[in-house]
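Raw coords26.txt, compact mmCIF, C-alpha atoms:
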```
# COMPACT_ATOMS: atom_id res chain seq x y z
CA MET A 407 267.47 241.88 30.63
CA THR A 408 268.78 238.33 30.57
CA GLY A 409 270.34 236.56 33.50
CA PRO A 410 273.98 236.83 32.38
CA GLN A 411 273.46 240.53 31.61
CA LEU A 412 272.10 241.03 35.11
CA LEU A 413 275.09 239.31 36.66
CA ASP A 414 277.49 241.36 34.52
CA SER A 415 275.98 244.63 35.67
CA LEU A 416 275.72 243.75 39.35
CA GLY A 417 278.42 246.29 40.15
CA ARG A 418 276.29 249.05 38.69
CA PHE A 419 273.21 247.97 40.69
CA LEU A 420 274.84 247.36 44.04
CA GLY A 421 277.28 250.23 43.84
CA GLU A 422 279.76 250.52 46.66
CA LYS A 423 277.92 247.93 48.71
CA LEU A 424 279.53 245.33 46.48
CA ARG A 425 282.92 244.76 48.10
CA SER A 426 284.17 242.31 45.53
CA LYS A 427 282.79 240.09 42.83
CA THR A 428 284.34 236.88 41.61
CA GLU A 429 283.46 234.61 38.74
CA PHE A 430 284.49 231.00 38.91
CA ARG A 431 283.28 228.39 36.45
CA GLY A 432 280.21 230.40 35.67
CA GLU A 433 279.30 231.03 39.28
CA THR A 434 279.04 234.59 40.50
CA THR A 435 279.99 235.37 44.09
CA CYS A 436 279.52 238.75 45.70
CA LEU A 437 281.19 239.72 48.94
CA ILE A 438 279.31 242.28 51.00
CA ASP A 439 279.57 243.80 54.45
CA PRO A 440 277.52 242.26 57.26
CA ALA A 441 275.93 245.62 57.99
CA ASP A 442 274.61 245.86 54.42
CA LEU A 443 273.18 242.38 54.30
CA SER A 444 269.50 242.99 54.89
CA GLU A 445 269.48 245.95 52.50
CA VAL A 446 271.31 244.06 49.75
CA ALA A 447 269.21 240.96 50.27
CA ARG A 448 266.01 242.94 50.00
CA PHE A 449 267.29 244.63 46.85
CA CYS A 450 268.27 241.29 45.32
CA LYS A 451 264.86 239.85 46.03
CA GLU A 452 262.59 242.73 45.19
CA GLU A 453 264.48 244.59 42.45
CA LEU A 454 266.70 241.96 40.85
CA GLY A 455 264.18 239.14 41.08
CA PHE A 456 266.15 236.60 43.12
CA ASP A 457 262.98 235.20 44.59
CA TYR A 458 264.32 231.83 45.66
CA LEU A 459 266.74 231.26 48.52
CA LEU A 460 268.34 227.88 47.92
CA ASP A 461 270.48 227.58 50.99
CA ILE A 462 272.38 229.38 53.70
CA THR A 463 275.60 227.85 54.92
CA SER A 464 278.39 228.95 57.19
CA VAL A 465 282.12 228.42 57.09
CA ASP A 466 284.56 228.46 59.97
CA ASN A 467 287.92 229.74 58.71
CA PHE A 468 289.61 228.94 61.99
CA GLY A 469 292.74 231.04 62.43
CA ASP A 470 291.73 233.70 59.93
CA GLU A 471 290.31 237.08 60.74
CA PRO A 472 287.38 237.55 60.39
CA ARG A 473 286.76 233.98 61.34
CA PHE A 474 283.30 233.13 60.05
CA GLU A 475 281.66 233.34 56.67
CA ILE A 476 277.98 233.04 55.84
CA VAL A 477 277.04 232.07 52.31
CA TYR A 478 273.64 232.80 50.77
CA GLU A 479 272.73 230.90 47.62
CA LEU A 480 270.13 232.82 45.64
CA TYR A 481 268.30 231.79 42.52
CA SER A 482 266.04 233.68 40.20
CA LEU A 483 263.19 231.54 38.93
CA GLY A 484 262.36 234.15 36.32
CA LEU A 485 265.85 234.58 34.85
CA GLY A 486 267.26 231.18 35.75
CA VAL A 487 270.52 232.42 37.24
CA HIS A 488 272.31 231.78 40.50
CA LEU A 489 273.90 234.39 42.74
CA ARG A 490 276.03 233.74 45.77
CA LEU A 491 276.30 236.32 48.53
CA LYS A 492 279.05 236.05 51.10
CA VAL A 493 279.51 237.99 54.31
CA ARG A 494 282.41 237.72 56.71
CA LEU A 495 281.77 237.81 60.43
CA ALA A 496 284.22 238.40 63.24
CA GLU A 497 284.11 236.04 66.18
CA ASP A 498 283.53 238.73 68.79
CA THR A 499 280.26 239.94 67.26
CA ALA A 500 279.12 236.76 65.47
CA THR A 501 275.74 238.39 64.86
CA ILE A 502 274.03 239.32 61.62
CA ASP A 503 270.59 240.43 60.50
CA THR A 504 268.09 237.76 59.66
CA VAL A 505 266.73 237.34 56.15
CA SER A 506 263.82 235.20 57.29
CA ASP A 507 261.49 238.19 56.80
CA LEU A 508 262.38 238.13 53.07
CA TRP A 509 262.59 234.38 52.47
CA PRO A 510 260.65 232.38 55.06
CA THR A 511 262.81 229.34 54.31
CA ALA A 512 265.70 231.13 55.97
CA ASN A 513 264.08 230.46 59.32
CA TRP A 514 265.34 226.91 59.67
CA HIS A 515 268.62 227.54 57.85
CA GLU A 516 269.47 230.24 60.33
CA ARG A 517 268.46 228.08 63.24
CA GLU A 518 270.80 225.40 61.96
CA ILE A 519 273.68 227.85 61.66
CA TRP A 520 273.02 229.04 65.18
CA ASP A 521 272.92 225.47 66.42
CA MET A 522 276.00 224.18 64.63
CA MET A 523 278.21 227.26 64.34
CA GLY A 524 276.98 229.59 67.04
CA LEU A 525 276.25 232.61 64.88
CA ARG A 526 273.30 234.70 65.98
CA PHE A 527 270.67 236.25 63.72
CA ARG A 528 269.26 239.59 64.76
CA GLY A 529 265.49 239.79 64.34
CA HIS A 530 264.96 236.05 63.88
CA PRO A 531 261.46 235.16 65.11
CA ASP A 532 262.41 231.91 66.83
CA LEU A 533 266.13 231.40 67.22
CA ARG A 534 266.24 228.03 68.96
CA ARG A 535 268.56 225.11 68.36
CA ILE A 536 267.23 222.82 65.67
CA LEU A 537 269.35 219.63 65.79
CA MET A 538 270.87 219.55 69.25
CA TRP A 539 268.74 220.25 72.30
CA GLU A 540 268.25 223.49 74.18
CA GLY A 541 271.03 223.83 76.70
CA TYR A 542 273.68 221.87 74.81
CA PRO A 543 276.78 223.85 75.66
CA TYR A 544 278.80 223.56 72.43
CA PHE A 545 278.61 224.42 68.74
CA PRO A 546 279.67 221.17 67.10
CA LEU A 547 280.74 222.38 63.65
CA ARG A 548 283.27 224.88 64.94
CA LYS A 549 286.78 223.78 64.14
CA GLU A 550 287.97 223.64 67.73
CA PHE A 551 285.23 221.16 68.62
CA PRO A 552 286.56 217.59 68.47
CA LEU A 553 284.78 215.08 66.25
CA GLU A 554 284.35 212.62 69.11
CA GLY A 555 282.47 215.25 71.08
CA LEU A 556 282.78 216.52 74.60
CA PRO A 557 280.96 215.23 77.66
CA SER A 558 277.85 217.15 78.54
CA ASP A 559 275.17 216.40 81.05
CA MET A 560 271.71 217.80 81.58
CA PRO A 561 269.86 215.72 84.15
CA ASP A 562 266.68 214.21 82.70
CA VAL A 563 267.12 216.07 79.43
CA ALA A 564 270.14 214.76 77.63
CA PHE A 565 273.73 213.71 77.98
CA THR A 566 276.67 213.04 75.73
CA SER A 567 280.06 211.49 76.20
CA ALA A 568 283.11 211.43 74.00
CA ALA A 569 283.08 208.65 71.41
CA PRO A 570 286.00 206.22 71.31
CA MET A 571 288.21 207.10 68.38
CA ASP A 572 291.03 204.56 68.63
CA GLY A 573 292.31 203.29 65.39
CA GLY A 574 289.41 203.89 63.09
CA PRO A 575 289.20 205.57 59.73
CA PHE A 576 287.14 208.28 61.30
CA VAL A 577 289.23 211.41 60.88
CA THR A 578 289.91 212.97 57.53
CA ARG A 579 292.83 215.34 57.39
CA PRO A 580 292.17 218.25 55.07
CA SER A 581 294.82 218.30 52.38
CA THR A 582 295.29 217.71 48.70
CA ALA A 583 296.56 214.18 49.34
CA THR A 584 294.71 211.17 47.98
CA ALA A 585 291.83 209.75 49.92
CA LYS A 586 294.05 206.86 51.03
CA ASP A 587 296.38 209.26 52.81
CA ARG A 588 293.73 211.65 54.06
CA GLU A 589 291.82 208.88 55.80
CA PRO A 590 294.15 206.59 57.73
CA ARG A 591 292.81 203.05 57.90
CA ALA A 592 292.16 201.19 61.10
CA HIS A 593 294.76 198.60 60.23
CA PRO A 594 297.24 200.13 57.80
CA ALA A 595 298.95 197.72 55.45
CA THR A 596 302.38 196.84 56.76
CA GLU A 597 305.31 198.09 54.74
CA GLU A 598 307.30 195.22 53.30
CA MET B 468 262.96 174.44 73.55
CA VAL B 469 261.40 172.17 76.10
CA THR B 470 259.39 169.39 74.55
CA PRO B 471 255.98 168.98 76.17
CA ASN B 472 256.28 165.95 78.43
CA LEU B 473 253.82 163.60 76.82
CA ALA B 474 253.72 160.25 78.48
CA PRO B 475 253.99 157.35 76.04
CA ALA B 476 250.79 155.55 75.11
CA ALA B 477 251.65 152.40 77.01
CA THR B 478 251.98 154.31 80.27
CA ARG B 479 248.76 156.16 79.70
CA GLU B 480 246.75 152.99 79.64
CA GLN B 481 248.13 151.96 83.01
CA LEU B 482 247.19 155.24 84.72
CA PRO B 483 244.29 155.14 87.19
CA ALA B 484 241.02 155.95 85.50
CA ALA B 485 240.89 159.48 86.81
CA TYR B 486 240.78 161.05 83.42
CA ASP B 487 237.91 161.40 81.06
CA SER B 488 238.95 159.51 77.99
CA LYS B 489 237.61 162.31 75.81
CA ILE B 490 240.13 164.78 77.10
CA GLU B 491 242.85 162.35 77.90
CA GLY B 492 244.83 163.11 74.79
CA ASN B 493 244.81 166.85 75.57
CA VAL B 494 246.53 166.67 78.92
CA ILE B 495 250.24 167.28 79.01
CA PHE B 496 252.59 167.30 81.96
CA THR B 497 255.29 169.94 82.13
CA ARG B 498 256.94 172.35 84.49
CA LEU B 499 255.17 175.65 85.08
CA ASP B 500 258.26 177.58 84.04
CA ALA B 501 258.52 175.62 80.84
CA ALA B 502 254.90 176.32 80.00
CA MET B 503 255.22 180.04 80.75
CA ASN B 504 258.43 180.34 78.80
CA TRP B 505 256.99 178.39 75.91
CA MET B 506 254.04 180.78 75.73
CA ARG B 507 256.19 183.86 76.09
CA LYS B 508 258.82 183.00 73.57
CA ASN B 509 256.36 182.07 70.88
CA SER B 510 254.36 185.26 71.08
CA LEU B 511 257.00 187.95 71.37
CA TRP B 512 255.34 191.18 70.35
CA PRO B 513 258.02 193.54 69.08
CA MET B 514 258.30 197.25 69.59
CA PRO B 515 259.68 198.32 66.20
CA MET B 516 262.14 201.01 67.26
CA GLY B 517 263.12 201.80 63.68
CA LEU B 518 265.56 204.70 63.67
CA ALA B 519 267.54 204.28 60.46
CA CYS B 520 268.17 201.96 57.54
CA CYS B 521 268.01 198.84 59.74
CA ALA B 522 264.29 199.54 59.99
CA ILE B 523 263.98 198.71 56.30
CA GLU B 524 265.42 195.27 56.98
CA LEU B 525 263.12 195.00 59.97
CA MET B 526 260.17 195.69 57.68
CA ALA B 527 261.46 193.10 55.24
CA THR B 528 261.70 190.63 58.09
CA ALA B 529 258.09 191.28 58.93
CA SER B 530 256.94 190.88 55.35
CA ALA B 531 255.89 187.77 53.50
CA ARG B 532 259.25 186.68 52.11
CA PHE B 533 260.97 186.28 55.47
CA ASP B 534 257.81 186.21 57.57
CA ILE B 535 258.65 186.80 61.20
CA ALA B 536 255.19 185.37 61.92
CA ARG B 537 256.76 181.92 61.68
CA PHE B 538 258.33 182.73 65.04
CA GLY B 539 255.23 184.29 66.58
CA ALA B 540 256.66 187.80 66.52
CA GLU B 541 254.56 189.32 63.77
CA VAL B 542 252.47 191.55 66.01
CA MET B 543 254.34 194.84 65.75
CA ARG B 544 252.84 197.11 68.36
CA PHE B 545 253.29 200.83 68.26
CA SER B 546 252.20 201.18 71.84
CA PRO B 547 254.93 200.20 74.29
CA ARG B 548 252.24 198.98 76.71
CA GLN B 549 251.59 195.99 74.47
CA CYS B 550 255.16 195.03 73.64
CA ASP B 551 257.51 192.34 74.87
CA VAL B 552 260.70 192.92 72.92
CA MET B 553 262.12 196.20 71.71
CA ILE B 554 264.03 195.86 68.46
CA VAL B 555 266.33 198.87 68.34
CA ALA B 556 266.95 199.10 64.61
CA GLY B 557 269.22 201.94 63.66
CA THR B 558 271.41 204.80 64.79
CA VAL B 559 270.53 206.12 68.20
CA THR B 560 271.39 209.78 68.45
CA TYR B 561 271.75 211.41 71.83
CA LYS B 562 268.67 213.46 71.12
CA MET B 563 266.66 210.28 70.49
CA ALA B 564 268.30 208.21 73.22
CA LEU B 565 266.19 209.32 76.13
CA ALA B 566 263.02 208.91 74.09
CA VAL B 567 264.08 205.31 73.42
CA LYS B 568 264.71 204.80 77.11
CA ARG B 569 261.37 206.27 78.01
CA ILE B 570 259.55 203.98 75.59
CA TYR B 571 261.48 201.04 77.03
CA GLU B 572 260.42 202.00 80.51
CA GLN B 573 256.78 202.10 79.43
CA MET B 574 256.91 198.48 78.29
CA PRO B 575 255.49 196.03 80.84
CA GLU B 576 257.66 193.32 82.37
CA PRO B 577 258.91 190.88 81.27
CA LYS B 578 260.69 192.68 78.45
CA TRP B 579 263.70 192.14 76.28
CA VAL B 580 265.85 194.20 73.93
CA ILE B 581 267.42 193.27 70.61
CA ALA B 582 270.14 195.65 69.40
CA MET B 583 269.87 195.29 65.65
CA GLY B 584 272.86 196.30 63.57
CA ALA B 585 276.21 197.95 64.16
CA CYS B 586 274.85 201.37 65.14
CA ALA B 587 272.50 200.16 67.84
CA SER B 588 275.13 197.78 69.15
CA SER B 589 278.15 200.06 69.24
CA GLY B 590 277.53 203.31 67.40
CA GLY B 591 278.78 201.68 64.22
CA MET B 592 280.56 203.94 61.82
CA TYR B 593 279.25 207.02 63.60
CA ARG B 594 282.12 207.91 65.92
CA SER B 595 280.63 211.29 66.49
CA TYR B 596 279.48 213.82 69.04
CA ALA B 597 275.86 213.21 68.12
CA VAL B 598 275.52 209.42 68.34
CA LEU B 599 275.13 207.22 71.39
CA GLN B 600 277.90 204.61 71.22
CA GLY B 601 275.64 201.60 71.66
CA ILE B 602 272.16 201.36 73.13
CA ASP B 603 273.58 199.15 75.90
CA ARG B 604 274.73 202.33 77.57
CA LEU B 605 271.07 202.98 78.36
CA LEU B 606 269.18 199.70 78.20
CA PRO B 607 269.98 196.09 79.13
CA VAL B 608 270.46 194.39 75.77
CA ASP B 609 269.70 190.68 75.43
CA VAL B 610 270.77 189.99 71.86
CA TYR B 611 273.13 191.88 69.56
CA VAL B 612 272.70 191.34 65.83
CA SER B 613 275.74 192.23 63.76
CA GLY B 614 275.52 193.67 60.28
CA CYS B 615 275.19 197.00 58.57
CA PRO B 616 272.33 196.47 58.15
CA PRO B 617 271.80 192.81 59.10
CA ARG B 618 270.00 190.57 56.66
CA PRO B 619 266.50 189.55 57.71
CA GLU B 620 267.84 186.06 58.31
CA ALA B 621 270.28 187.52 60.83
CA LEU B 622 267.48 189.24 62.69
CA LEU B 623 265.50 186.00 62.73
CA GLU B 624 268.57 184.23 64.07
CA GLY B 625 268.77 186.86 66.79
CA LEU B 626 265.11 186.35 67.57
CA MET B 627 265.72 182.61 67.87
CA LYS B 628 268.65 183.27 70.21
CA LEU B 629 266.32 185.39 72.31
CA GLN B 630 263.76 182.60 72.32
CA GLY B 631 266.46 180.25 73.51
CA LYS B 632 267.34 182.67 76.27
CA ILE B 633 263.74 183.05 77.34
CA SER B 634 263.28 179.30 77.55
CA THR B 635 265.98 179.08 80.22
CA GLU B 636 264.46 181.73 82.49
CA HIS B 637 262.97 180.96 85.88
CA SER B 638 259.82 182.81 85.02
CA PHE B 639 257.53 181.84 87.86
CA LYS B 640 260.12 182.32 90.55
CA SER B 641 261.19 185.73 89.33
CA GLN B 642 257.66 186.93 88.78
CA LYS B 643 256.07 185.59 91.99
CA ARG B 644 259.01 185.86 94.31
CA ALA B 645 256.93 186.59 97.42
CA LEU B 646 254.57 183.71 96.76
CA VAL B 647 257.43 181.27 96.22
CA GLU B 648 259.06 182.35 99.47
CA LYS B 649 255.78 181.90 101.31
CA ILE B 650 255.31 178.39 99.94
CA GLU B 651 258.87 177.49 100.83
CA SER B 652 258.45 178.80 104.38
CA LEU B 653 255.39 176.59 104.84
CA GLY B 654 257.78 173.73 104.23
```
Would you mind writing the file out in structure tokens?
Amino acid sequence: MTGPQLLDSLGRFLGEKLRSKTEFRGETTCLIDPADLSEVARFCKEELGFDYLLDITSVDNFGDEPRFEIVYELYSLGLGVHLRLKVRLAEDTATIDTVSDLWPTANWHEREIWDMMGLRFRGHPDLRRILMWEGYPYFPLRKEFPLEGLPSDMPDVAFTSAAPMDGGPFVTRPSTATAKDREPRAHPATEE
Amino acid sequence: MVTPNLAPAATREQLPAAYDSKIEGNVIFTRLDAAMNWMRKNSLWPMPMGLACCAIELMATASARFDIARFGAEVMRFSPRQCDVMIVAGTVTYKMALAVKRIYEQMPEPKWVIAMGACASSGGMYRSYAVLQGIDRLLPVDVYVSGCPPRPEALLEGLMKLQGKISTEHSFKSQKRALVEKIESLG
């Protein structure tokens, strides 16, 4: 079976565990339930041959329900095809099974997601923060967290304070506008 | 820079014959502070606190083309116990900040700090939750070098500014305060 054939027949392999499948510009994305993740991931690795986990990322769809999304980028070295798995996580649970027992590289990816987005991984061997320090009270990549940061203080361990943000081209507003309009300059050109 | 106070030749001949003529030419008169400062400023051993891309320019400064050795600061020491000046070259994150402070505190007095580049001076373009907005929030900075990153010439200029600052210090008085007070009390 070739790679494209495998991707075409994913529905047959995954059955009802495949919630939806989208194709966009040659990339296949499968949406699955959080509860099915470890089973589907194991199947993808051991039966379908996706032996390489490229990356795990997380998305904060602030305002939507469920709020969070975790994206697993799989690759099959044997077939040379990519597969993207997505799960959606509600904010109140914000917990999902680890895949670090299948792909050891997931260890640090999951620690980063815990550190930056505050999503927990059940069964992770060592779920500590990886970029910020233990005891930092916020999850900086969540949408409600301001770019300039919030003051925090741990005596003799670490501290932060809010960065000055006046008048710099620091904040990009998400939109379809041009870069010039998305990123206001420090000193905008005066209108004549 | 304080020029060593060499007496002109004509005066030397009129001095009482207390000096051995063989060493006569090697004696110079100067203030103790000037001598101490002169020695200090011409052998500044840097602590290369390279944290980001500025460290590349710092390495270039140390290399043959720009040759920081011309200013006596070529002895990069990776032990803070042997350093005189900490060159903070790069972005200081909050996670790194207290390590930088701890290394600074391990350096023996007298010690100086050069904040090299925009990030070390003010946080630079990183207006962010993760970056300390200038190392001067933790350490007393003597010289700020602007640039992103600064050219090696700019760092050398900063080093020369620091040398100028050192040469104006009251080294003996600040180092031996108790002794100076005792001498003054003896009148």
Could I get the residues of segment 489-528 of chain B with an atom no further than 10 Å from an atom of segment 605-627 of chain B, each paired with its nearest atom pair and that distance in Å to one decimal, using only C-alpha atoms, sorted by chain and residue number, as a Markdown table?
```
| residue | atom | partner | partner_atom | distance |
| --- | --- | --- | --- | --- |
| B:Lys508 | CA | B:Met627 | CA | 9.0 |
| B:Asn509 | CA | B:Met627 | CA | 9.8 |
| B:Leu511 | CA | B:Leu626 | CA | 9.1 |
| B:Ala519 | CA | B:Pro616 | CA | 9.4 |
| B:Cys520 | CA | B:Pro616 | CA | 6.9 |
| B:Cys521 | CA | B:Pro616 | CA | 5.2 |
| B:Ala522 | CA | B:Pro616 | CA | 8.8 |
| B:Ile523 | CA | B:Pro616 | CA | 8.8 |
| B:Glu524 | CA | B:Pro619 | CA | 5.9 |
| B:Leu525 | CA | B:Pro619 | CA | 6.8 |
| B:Met526 | CA | B:Pro619 | CA | 8.8 |
| B:Ala527 | CA | B:Pro619 | CA | 6.6 |
| B:Thr528 | CA | B:Pro619 | CA | 4.9 |
```
From (263.7, 200.7, 67.4), in the file's coordinates, out to 8 Å: which residues are reached, counting all atoms listed in the file? Answer as a PyMOL selection string. chain B and resi 514-518+522+553-557+567
Can you list, as a PyMOL selection string, every protein, DNA or RNA residue that comes within 12 Å of Glu453 of chain A when you count only C-alpha atoms, leaving out same-chain residues fewer than 4 positions away? chain A and resi 412+416+419-420+445-449+457+482
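In this structure, the chain A residues at most 6 Å away from chain B are A:Leu553, A:Glu554, A:Gly555, A:Ala569, with all atoms listed in the file considered.
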Could those residues be written to a file, using C-alpha atoms, as a short mmCIF file (atom, residue, chain, number, x, y, z; two decimals), in the frame of the given file?
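Once written, result-v2.cif looks like this:
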```cif
data_model
loop_
_atom_site.label_atom_id
_atom_site.label_comp_id
_atom_site.auth_asym_id
_atom_site.auth_seq_id
_atom_site.Cartn_x
_atom_site.Cartn_y
_atom_site.Cartn_z
CA LEU A 553 284.78 215.08 66.25
CA GLU A 554 284.35 212.62 69.11
CA GLY A 555 282.47 215.25 71.08
CA ALA A 569 283.08 208.65 71.41
#
```
Contacts of Trp512 of chain B within 7 Å, only C-alpha atoms, excl. fewer than 5 positions in-chain, as an MDAnalysis selection string: chainID B and resid 540:544 550:552
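The spacing separating atom CA of Lys549 of chain A from atom CA of Gly591 of chain B amounts to 23.5 Å.
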